[in-house]
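**Student:** Below is a structure I'd like to ask you about.
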Amino acid sequence: MLPALAALSACSGVQSALDPAGEEATQVATLFWVMTVGGGVIWAGTVALALYASRWKRHAATEQGAGRLIFWGGVVFPVVVLTALLSYALWLMPSLRPFGGEATQGLRIEIVGNQFWWHVVYRRDGAEVVSANEVRLPVGQRVEFALESADMIHSFWIPALGGKMDLIPGRTNRLSLLATKAGVYRGQCAEFCGISHALMAFPVVVSEPAEFDAWLEARTRPAIGLDGSPAAARLFVDRGCGDCHRVDGTEARGTAGPDLSHVGSRLTIGAGLLPNDDETLARFIAHPASLKAGSRMPAYLDLPAAELAEIAAWLKGLQ
Ligand code: CUA
């Protein structure tokens with residue numbers, strides 16, 4: 001009993017398919033419990049039958065009786081049970097992957113998987129907002145995702161919201177999700193894509209539609225705090241950061257790395273790797289590969305500590 005309870009306690013949390021906060025995840029969780037309970041009942045019945053036959057049954061079955069048992073227990077029963085479970089799963093399938101005009105309410109999010117980070121573009125009513133390594137969604141509204149990859153096969157999975165979908169180079173996969181509960185969840189790359197595959201995660205923030213709209217609207221403009229330190233903004237470009245990273249409203253226009261336009265307001269850095277603060281930002285800039293093996297960003301160990309701190313503080317200020 002205790003091990004079972006301990007195992008179940010791991011079922012809650014920000015990255016659990018059994019603690020659903022979305023319509024699709026609720027279906028997945030229901031399917032899991034139906035299959036688990038169904039399998040458990042059959043297992044218990046089989047064990048009980050085996051115990052009965054080996055311990056308590058006194059007389060051998062007649063040939064006719066044995067034949068009947070094999071027919072009903074070995075043929076009819078499995079066919080009925082497996083057909084019922086298969087039908088149930090097939091009946092559930094369309095609702096796990098809903099699509100169609102009325103299913104989406106105008107918000108489309110494009111995700112491009114990269115080793116080992118996520119490029120994220122929000123599109124609604126002609127507006128385009130570019131972000132990275134974090135996904136924000138309105139609660140109660142269906143959102144369509146377009147999933148692509150720039151290099152390897154990745155897989156986009158937010159267990160609390162729904163099933164996973166691969167990101168495959170050269171094609172666009174679609175995924176539709178409806179979050180039903182506001183909160184912060186965790187998404188994770190679910191297809192091995194290289195040495196830091198396990199560190200390719202992202203926070204998922206589900207908020208009330210009004211709050212989400214305000215957030216998205218603010219992202220269509222350059223960040224607050226952009227002009228807070230013109231010297232740091234200059235350094236960011238002069239030291240080459242802008243060759244790979246874009247910061248809206250500056251000369252930094254690179255696209256090889258994550259967009260950093262409002263990076264200060266994100267919950268994590270390095271794609272779900274570390275909490276976002278001045279200190280972790282400075283650490284990451286100084287030596288990315290020591291925190292995330294295989295990171296394509298070069299180390300900046302020769303950057304003077306004062307410059308490192310200045311750039312980190314400026315980035316944290318981009319709200
Ligand atoms: Cu990307 Cu695993």
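Just so we're on the same page: first chain in the structure tokens is A, next is B, and so on; residues restart at 1 for each chain, and ligands are numbered from 1 in the order they show up.
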Report as JSON lines: every residue of segment 79-146 of chain A with an atom at most 6 Å from segment 183-202 of chain A, its closest pair of atoms, and their distance in Å to one decimal, counting only C-alpha atoms, with rows sorted by chain and ascending residue number.

**Tutor:**
{"residue": "A:Phe116", "atom": "CA", "partner": "A:Met200", "partner_atom": "CA", "distance": 5.3}
{"residue": "A:Trp117", "atom": "CA", "partner": "A:Met200", "partner_atom": "CA", "distance": 5.9}
{"residue": "A:Asn133", "atom": "CA", "partner": "A:Phe202", "partner_atom": "CA", "distance": 5.3}
{"residue": "A:Glu134", "atom": "CA", "partner": "A:Phe202", "partner_atom": "CA", "distance": 5.1}

**Student:** Can you tell me, as a ChimeraX atom specification, which residues in segment 129-213 of chain A count as alpha helix (DSSP H) by DSSP?

**Tutor:** /A:209-213

**Student:** So that I can check the secondary structure, give me every residue of segment 151-219 of chain A assigned strand (DSSP E or B) by backbone DSSP, as a ChimeraX atom specification.

**Tutor:** /A:154-157,165-167,169,173-179,183-189,201-207

**Student:** Determine the nearest neighbour of ligand 1 from the options A:His119, A:His262, A:His245, A:Arg239, counting only C-alpha atoms and all ligand atoms.

**Tutor:**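 With only C-alpha atoms and all ligand atoms as the atom set, the closest residue is A:His119.
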
**Student:** Restricting the calculation to only C-alpha atoms and all ligand atoms, which member of A:Asp125, A:Glu110, A:Glu148, A:Glu63 is positioned closest to ligand 1?

**Tutor:** A:Glu148

**Student:** Find the residues around Ala282 of chain A up to 12 Å (only C-alpha atoms counted), leave out those fewer than 5 positions away in its own chain, and share them as a ChimeraX atom specification.

**Tutor:** /A:269-270,274,276-277,287-288,291,299-301,303-316

**Student:** Which is closest to His154 of chain A among A:Leu167, A:Val129, A:Cys244, A:Val76, if we use only C-alpha atoms?

**Tutor:** A:Leu167

**Student:** Interatomic distance between atom CA of Pro275 of chain A and atom CA of Pro222 of chain A?

**Tutor:**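 Between atom CA of Pro275 of chain A and atom CA of Pro222 of chain A the gap is 22.8 Å.
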
**Student:** Using Å and a single decimal, report how far atom CA of Cys241 of chain A sits from atom CA of Leu226 of chain A.

**Tutor:**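 Between atom CA of Leu226 of chain A and atom CA of Cys241 of chain A the gap works out to 15.4 Å.
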
**Student:** Name the residues in contact with Val139 of chain A at a cut-off of 12 Å, using only C-alpha atoms, excluding same-chain residues fewer than 6 positions from it; report them as a PDB file with N, CA, C and O atoms, in the first residue's frame.

**Tutor:**
ATOM      1  N   ALA A  21      -4.799  19.854 -16.660  1.00  0.00           N
ATOM      2  CA  ALA A  21      -5.268  21.238 -16.624  1.00  0.00           C
ATOM      3  C   ALA A  21      -5.706  21.651 -18.022  1.00  0.00           C
ATOM      4  O   ALA A  21      -5.751  22.827 -18.343  1.00  0.00           O
ATOM      5  N   GLY A  22      -6.010  20.652 -18.853  1.00  0.00           N
ATOM      6  CA  GLY A  22      -6.435  20.929 -20.211  1.00  0.00           C
ATOM      7  C   GLY A  22      -7.403  19.857 -20.669  1.00  0.00           C
ATOM      8  O   GLY A  22      -7.430  18.747 -20.108  1.00  0.00           O
ATOM      9  N   GLU A  23      -8.204  20.190 -21.702  1.00  0.00           N
ATOM     10  CA  GLU A  23      -9.235  19.266 -22.146  1.00  0.00           C
ATOM     11  C   GLU A  23      -8.642  17.944 -22.655  1.00  0.00           C
ATOM     12  O   GLU A  23      -9.118  16.869 -22.295  1.00  0.00           O
ATOM     13  N   LEU A 161      -1.426  19.569 -20.226  1.00  0.00           N
ATOM     14  CA  LEU A 161      -2.419  20.118 -21.151  1.00  0.00           C
ATOM     15  C   LEU A 161      -2.856  19.144 -22.242  1.00  0.00           C
ATOM     16  O   LEU A 161      -3.974  19.247 -22.759  1.00  0.00           O
ATOM     17  N   LEU A 177      -4.675  22.753 -28.465  1.00  0.00           N
ATOM     18  CA  LEU A 177      -4.806  22.547 -27.018  1.00  0.00           C
ATOM     19  C   LEU A 177      -5.804  23.533 -26.421  1.00  0.00           C
ATOM     20  O   LEU A 177      -5.895  24.684 -26.862  1.00  0.00           O
ATOM     21  N   LEU A 178      -6.515  23.060 -25.412  1.00  0.00           N
ATOM     22  CA  LEU A 178      -7.430  23.937 -24.683  1.00  0.00           C
ATOM     23  C   LEU A 178      -7.117  23.797 -23.200  1.00  0.00           C
ATOM     24  O   LEU A 178      -7.389  22.755 -22.588  1.00  0.00           O
ATOM     25  N   ALA A 179      -6.535  24.850 -22.625  1.00  0.00           N
ATOM     26  CA  ALA A 179      -6.228  24.847 -21.188  1.00  0.00           C
ATOM     27  C   ALA A 179      -7.498  25.159 -20.414  1.00  0.00           C
ATOM     28  O   ALA A 179      -8.263  26.046 -20.788  1.00  0.00           O
ATOM     29  N   THR A 180      -7.736  24.424 -19.341  1.00  0.00           N
ATOM     30  CA  THR A 180      -8.967  24.618 -18.574  1.00  0.00           C
ATOM     31  C   THR A 180      -8.716  25.170 -17.177  1.00  0.00           C
ATOM     32  O   THR A 180      -9.652  25.495 -16.458  1.00  0.00           O
ATOM     33  N   LYS A 181      -7.443  25.248 -16.792  1.00  0.00           N
ATOM     34  CA  LYS A 181      -7.133  25.690 -15.433  1.00  0.00           C
ATOM     35  C   LYS A 181      -5.919  26.613 -15.482  1.00  0.00           C
ATOM     36  O   LYS A 181      -4.882  26.237 -16.028  1.00  0.00           O
ATOM     37  N   ALA A 182      -6.049  27.816 -14.917  1.00  0.00           N
ATOM     38  CA  ALA A 182      -4.914  28.739 -14.905  1.00  0.00           C
ATOM     39  C   ALA A 182      -3.821  28.202 -13.992  1.00  0.00           C
ATOM     40  O   ALA A 182      -4.097  27.491 -13.028  1.00  0.00           O
ATOM     41  N   GLY A 183      -2.589  28.518 -14.324  1.00  0.00           N
ATOM     42  CA  GLY A 183      -1.481  28.053 -13.494  1.00  0.00           C
ATOM     43  C   GLY A 183      -0.196  28.028 -14.292  1.00  0.00           C
ATOM     44  O   GLY A 183      -0.165  28.400 -15.462  1.00  0.00           O
ATOM     45  N   VAL A 184       0.867  27.586 -13.637  1.00  0.00           N
ATOM     46  CA  VAL A 184       2.154  27.458 -14.316  1.00  0.00           C
ATOM     47  C   VAL A 184       2.485  25.976 -14.434  1.00  0.00           C
ATOM     48  O   VAL A 184       2.478  25.255 -13.438  1.00  0.00           O
ATOM     49  N   VAL A 204       5.121  26.892 -18.934  1.00  0.00           N
ATOM     50  CA  VAL A 204       3.863  27.193 -19.612  1.00  0.00           C
ATOM     51  C   VAL A 204       2.992  27.968 -18.621  1.00  0.00           C
ATOM     52  O   VAL A 204       2.655  27.447 -17.562  1.00  0.00           O
ATOM     53  N   VAL A 205       2.687  29.207 -18.971  1.00  0.00           N
ATOM     54  CA  VAL A 205       1.896  30.048 -18.073  1.00  0.00           C
ATOM     55  C   VAL A 205       0.497  30.196 -18.659  1.00  0.00           C
ATOM     56  O   VAL A 205       0.326  30.768 -19.729  1.00  0.00           O
ATOM     57  N   VAL A 206      -0.487  29.651 -17.963  1.00  0.00           N
ATOM     58  CA  VAL A 206      -1.883  29.765 -18.400  1.00  0.00           C
ATOM     59  C   VAL A 206      -2.564  30.805 -17.518  1.00  0.00           C
ATOM     60  O   VAL A 206      -2.605  30.649 -16.302  1.00  0.00           O
ATOM     61  N   SER A 207      -3.066  31.880 -18.144  1.00  0.00           N
ATOM     62  CA  SER A 207      -3.692  32.933 -17.353  1.00  0.00           C
ATOM     63  C   SER A 207      -5.070  33.293 -17.909  1.00  0.00           C
ATOM     64  O   SER A 207      -5.449  32.843 -18.992  1.00  0.00           O
ATOM     65  N   GLU A 208      -5.800  34.117 -17.164  1.00  0.00           N
ATOM     66  CA  GLU A 208      -7.128  34.568 -17.601  1.00  0.00           C
ATOM     67  C   GLU A 208      -6.973  35.307 -18.931  1.00  0.00           C
ATOM     68  O   GLU A 208      -5.966  35.995 -19.141  1.00  0.00           O
ATOM     69  N   PRO A 209      -7.981  35.196 -19.829  1.00  0.00           N
ATOM     70  CA  PRO A 209      -7.854  35.815 -21.152  1.00  0.00           C
ATOM     71  C   PRO A 209      -7.475  37.305 -21.113  1.00  0.00           C
ATOM     72  O   PRO A 209      -6.635  37.736 -21.902  1.00  0.00           O
ATOM     73  N   ALA A 210      -8.059  38.069 -20.201  1.00  0.00           N
ATOM     74  CA  ALA A 210      -7.758  39.505 -20.149  1.00  0.00           C
ATOM     75  C   ALA A 210      -6.288  39.724 -19.818  1.00  0.00           C
ATOM     76  O   ALA A 210      -5.612  40.578 -20.410  1.00  0.00           O
ATOM     77  N   GLU A 211      -5.801  38.921 -18.879  1.00  0.00           N
ATOM     78  CA  GLU A 211      -4.406  39.023 -18.466  1.00  0.00           C
ATOM     79  C   GLU A 211      -3.482  38.631 -19.629  1.00  0.00           C
ATOM     80  O   GLU A 211      -2.469  39.278 -19.897  1.00  0.00           O
ATOM     81  N   PHE A 212      -3.879  37.559 -20.319  1.00  0.00           N
ATOM     82  CA  PHE A 212      -3.093  37.099 -21.470  1.00  0.00           C
ATOM     83  C   PHE A 212      -3.067  38.168 -22.561  1.00  0.00           C
ATOM     84  O   PHE A 212      -2.014  38.465 -23.128  1.00  0.00           O
ATOM     85  N   ASP A 213      -4.245  38.762 -22.847  1.00  0.00           N
ATOM     86  CA  ASP A 213      -4.323  39.788 -23.892  1.00  0.00           C
ATOM     87  C   ASP A 213      -3.403  40.961 -23.564  1.00  0.00           C
ATOM     88  O   ASP A 213      -2.706  41.483 -24.440  1.00  0.00           O
TER      89      ASP A 213
END

**Student:** Using only C-alpha atoms, which of the listed residues (A:Thr250, A:Ser16, A:Gln27, A:Ser290) sits closest to Met93 of chain A?

**Tutor:**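 With only C-alpha atoms as the atom set, the closest residue is A:Gln27.
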